[in-house]
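Please read the structure below before turning to the comments.
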Amino acid sequence: MLRHHRDRFEAERLRHELMGMGIGRESPLARLTPTRAVVIMAAIVAVLALITVVTGGSGLFSGDAYADNVRALSAELRANELGLQPTRTACLAGTAGSCADHQLNANGQAKRVENQIAVVFGFDLPKEAANLNADYILALQALEASYRAEAQALENGDREAFAAAAAETAAALEREAALIEQLNRDFPAPAPIPEP
């Protein structure tokens with residue numbers, strides 16, 4: 001008898017607390033029983049488990065975050081390369097002052113690419129992108145080496161070596177672009193949402 005009164009008192013106290021939080025008799029939370037709570041939690045867990053199974057455990061859209069990160073890194077790489085092209089072109093044409101500028105620029109770009117390689121190693125890599133990622137790192141390493149070779153050739157005053165290194169840079173950039181095309185085929189960017 002005493003236990004029945006205590007349980008009734010606790011239920012009434014809980015009802016008053018809920019009403020104090022703005023949850024009245026009409027609220028679904030006011031009618032939430034332990035059994036209903038267990039059923040709701042089980043349904044939530046089941047949905048999350050299904051999502052994990054369908055996506056292979058690598059996020060709601062497997063590979064999307066990785067692909068977006070690589071695309072952003074590539075865009076930064078291309079923007080930096082555009083800044084190097086005027087001094088490289090002028091130096092190849094024989095403008096002496098531009099060669100000193102390009103040496104500094106190429107060294108700086110080699111360091112930026114080195115940092116980008118470290119960033120790629122830190123990406124959350126989906127299994128289906130493992131081969132592409134390995135190829136992309138190799139392309140970046142070749143690009144870093146060609147930038148360093150450009151700067152070293154200019155430091156040595158070797159125009160022929162500089163021209164050869166510049167050709168290596170162009171080839172490495174083509175390889176990087178081809179890998180980005182492959183990335184875009186394998187992990188297409190989401191279509192933009194049309195404006196109303």
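Every chain in the structure tokens has a letter given in the order shown (A, B, ...), and although residue numbers restart at 1 in each chain, ligands are simply numbered from 1 in the order shown.
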
Segment 156-171 of chain A surroundings by only C-alpha atoms, 9 Å radius, close-in-sequence under 2 positions cut, as a PDB file with C-alpha atoms, in the first residue's frame:
ATOM      1  CA  ARG A  88      58.785  30.698 -65.282  1.00  0.00           C
ATOM      2  CA  CYS A  91      62.907  33.026 -67.262  1.00  0.00           C
ATOM      3  CA  LEU A  92      62.581  30.466 -70.066  1.00  0.00           C
ATOM      4  CA  GLY A  94      65.821  34.627 -71.090  1.00  0.00           C
ATOM      5  CA  ALA A 142      56.836  14.106 -58.490  1.00  0.00           C
ATOM      6  CA  LEU A 143      55.530  17.666 -58.577  1.00  0.00           C
ATOM      7  CA  GLU A 144      57.421  18.609 -55.419  1.00  0.00           C
ATOM      8  CA  ALA A 145      60.605  17.139 -56.902  1.00  0.00           C
ATOM      9  CA  SER A 146      60.190  19.029 -60.179  1.00  0.00           C
ATOM     10  CA  TYR A 147      59.667  22.342 -58.393  1.00  0.00           C
ATOM     11  CA  ARG A 148      62.816  21.704 -56.350  1.00  0.00           C
ATOM     12  CA  ALA A 149      64.675  20.771 -59.557  1.00  0.00           C
ATOM     13  CA  GLU A 150      63.591  24.067 -61.162  1.00  0.00           C
ATOM     14  CA  ALA A 151      64.885  26.040 -58.200  1.00  0.00           C
ATOM     15  CA  GLN A 152      68.141  24.040 -58.018  1.00  0.00           C
ATOM     16  CA  ALA A 153      68.827  24.468 -61.743  1.00  0.00           C
ATOM     17  CA  LEU A 154      68.372  28.224 -61.446  1.00  0.00           C
ATOM     18  CA  LEU A 173      50.657  18.758 -63.433  1.00  0.00           C
ATOM     19  CA  GLU A 174      49.065  16.809 -66.300  1.00  0.00           C
ATOM     20  CA  ARG A 175      49.241  13.635 -64.216  1.00  0.00           C
ATOM     21  CA  GLU A 176      47.644  15.410 -61.268  1.00  0.00           C
TER      22      GLU A 176
END

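Considering only C-alpha atoms, the residue among A:Ala134, A:Ala93, A:Ala129, A:Leu84 positioned nearest to Asn107 of chain A is A:Leu84.
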
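Atom pair atom CA of Ile137 of chain A / atom CA of Val120 of chain A has a distance of 7.4 Å (rounded to one decimal).
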
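Candidate residues A:Leu125, A:Ala177, A:Leu132, A:Ala189 were compared for distance to Tyr66 of chain A, and the nearest is A:Leu125, using only C-alpha atoms.
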
Requested in this report: Work out how far apart atom CA of Ala72 of chain A and atom CA of Ala172 of chain A are and give it in Å to one decimal.
Outcome: 18.0 Å

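Straight-line separation from atom CA of Asn115 of chain A to atom CA of Tyr136 of chain A: 14.1 Å.
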
Requested in this report: Please give the complete set of residues from segment 38-193 of chain A that DSSP, run on the backbone, assigns to alpha helix (DSSP H), formatted as a PyMOL selection string.
Outcome: chain A and resi 38-54+64-92+96-121+130-155+159-186

Go ahead and save the picked residues with C-alpha atoms, as a compact mmCIF listing (two decimals), in the first residue's frame.
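Output file part-v1.txt follows:
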# COMPACT_ATOMS: atom_id res chain seq x y z
CA VAL A 38 12.68 1.36 -25.32
CA VAL A 39 10.83 0.83 -28.61
CA ILE A 40 11.80 4.31 -29.87
CA MET A 41 15.45 3.83 -28.89
CA ALA A 42 15.54 0.40 -30.57
CA ALA A 43 14.12 1.92 -33.77
CA ILE A 44 16.77 4.67 -33.73
CA VAL A 45 19.58 2.15 -33.21
CA ALA A 46 18.22 -0.05 -36.02
CA VAL A 47 18.13 2.89 -38.46
CA LEU A 48 21.71 3.89 -37.57
CA ALA A 49 22.88 0.29 -37.99
CA LEU A 50 21.19 0.09 -41.40
CA ILE A 51 22.87 3.30 -42.54
CA THR A 52 26.25 1.96 -41.40
CA VAL A 53 25.76 -1.32 -43.28
CA VAL A 54 24.56 0.37 -46.49
CA ASP A 64 32.39 12.28 -50.52
CA ALA A 65 34.38 14.00 -47.77
CA TYR A 66 37.65 12.57 -49.10
CA ALA A 67 36.87 13.64 -52.67
CA ASP A 68 35.88 17.14 -51.57
CA ASN A 69 39.14 17.48 -49.61
CA VAL A 70 41.25 16.38 -52.58
CA ARG A 71 39.37 18.71 -54.94
CA ALA A 72 39.97 21.64 -52.57
CA LEU A 73 43.67 20.75 -52.30
CA SER A 74 43.95 20.52 -56.09
CA ALA A 75 42.27 23.92 -56.54
CA GLU A 76 44.80 25.45 -54.13
CA LEU A 77 47.64 23.74 -55.99
CA ARG A 78 46.42 25.12 -59.34
CA ALA A 79 45.99 28.63 -57.96
CA ASN A 80 49.58 28.58 -56.65
CA GLU A 81 50.86 27.22 -59.97
CA LEU A 82 49.16 30.09 -61.83
CA GLY A 83 51.22 32.49 -59.70
CA LEU A 84 54.45 30.78 -60.81
CA GLN A 85 53.76 30.75 -64.55
CA PRO A 86 54.69 34.38 -65.37
CA THR A 87 58.18 34.17 -63.83
CA ARG A 88 58.79 30.70 -65.28
CA THR A 89 57.77 31.85 -68.77
CA ALA A 90 59.91 34.99 -68.54
CA CYS A 91 62.91 33.03 -67.26
CA LEU A 92 62.58 30.47 -70.07
CA ALA A 96 67.49 37.31 -66.13
CA GLY A 97 65.70 39.13 -63.32
CA SER A 98 62.69 36.84 -63.56
CA CYS A 99 64.89 33.77 -62.99
CA ALA A 100 65.88 34.96 -59.52
CA ASP A 101 62.21 35.56 -58.71
CA HIS A 102 61.21 32.19 -60.06
CA GLN A 103 63.86 30.41 -58.02
CA LEU A 104 62.28 31.82 -54.85
CA ASN A 105 58.78 31.04 -56.11
CA ALA A 106 59.63 27.45 -57.05
CA ASN A 107 61.24 26.79 -53.66
CA GLY A 108 58.15 28.17 -51.92
CA GLN A 109 55.86 26.06 -54.08
CA ALA A 110 57.90 22.91 -53.37
CA LYS A 111 57.42 23.51 -49.63
CA ARG A 112 53.67 24.07 -50.10
CA VAL A 113 53.34 20.81 -52.06
CA GLU A 114 55.34 19.02 -49.36
CA ASN A 115 52.82 20.29 -46.81
CA GLN A 116 49.94 19.20 -49.03
CA ILE A 117 51.36 15.68 -49.19
CA ALA A 118 51.34 15.57 -45.38
CA VAL A 119 47.72 16.77 -45.44
CA VAL A 120 46.69 14.00 -47.88
CA PHE A 121 48.18 11.40 -45.52
CA ALA A 130 42.99 3.60 -51.77
CA ASN A 131 44.59 3.08 -55.20
CA LEU A 132 43.71 6.56 -56.44
CA ASN A 133 45.05 8.08 -53.24
CA ALA A 134 48.37 6.26 -53.61
CA ASP A 135 48.67 7.47 -57.21
CA TYR A 136 47.77 11.01 -56.15
CA ILE A 137 50.48 11.07 -53.49
CA LEU A 138 53.03 9.86 -56.08
CA ALA A 139 51.92 12.64 -58.46
CA LEU A 140 52.35 15.24 -55.72
CA GLN A 141 55.77 13.87 -54.83
CA ALA A 142 56.84 14.11 -58.49
CA LEU A 143 55.53 17.67 -58.58
CA GLU A 144 57.42 18.61 -55.42
CA ALA A 145 60.61 17.14 -56.90
CA SER A 146 60.19 19.03 -60.18
CA TYR A 147 59.67 22.34 -58.39
CA ARG A 148 62.82 21.70 -56.35
CA ALA A 149 64.68 20.77 -59.56
CA GLU A 150 63.59 24.07 -61.16
CA ALA A 151 64.89 26.04 -58.20
CA GLN A 152 68.14 24.04 -58.02
CA ALA A 153 68.83 24.47 -61.74
CA LEU A 154 68.37 28.22 -61.45
CA GLU A 155 70.61 28.34 -58.39
CA ARG A 159 69.29 26.96 -68.14
CA GLU A 160 69.08 23.54 -69.84
CA ALA A 161 68.43 21.77 -66.56
CA PHE A 162 65.85 24.44 -65.72
CA ALA A 163 64.01 23.85 -69.03
CA ALA A 164 64.05 20.08 -68.39
CA ALA A 165 62.72 20.58 -64.85
CA ALA A 166 60.00 22.90 -66.13
CA ALA A 167 58.95 20.17 -68.59
CA GLU A 168 58.84 17.69 -65.68
CA THR A 169 56.61 20.11 -63.77
CA ALA A 170 54.24 20.35 -66.73
CA ALA A 171 54.09 16.54 -66.98
CA ALA A 172 53.45 16.18 -63.24
CA LEU A 173 50.66 18.76 -63.43
CA GLU A 174 49.06 16.81 -66.30
CA ARG A 175 49.24 13.64 -64.22
CA GLU A 176 47.64 15.41 -61.27
CA ALA A 177 44.86 16.74 -63.51
CA ALA A 178 44.20 13.24 -64.91
CA LEU A 179 43.87 11.88 -61.37
CA ILE A 180 41.41 14.64 -60.47
CA GLU A 181 39.36 13.68 -63.53
CA GLN A 182 39.37 10.09 -62.31
CA LEU A 183 38.38 11.27 -58.83
CA ASN A 184 35.47 13.23 -60.31
CA ARG A 185 34.31 10.13 -62.20
CA ASP A 186 34.58 7.88 -59.16
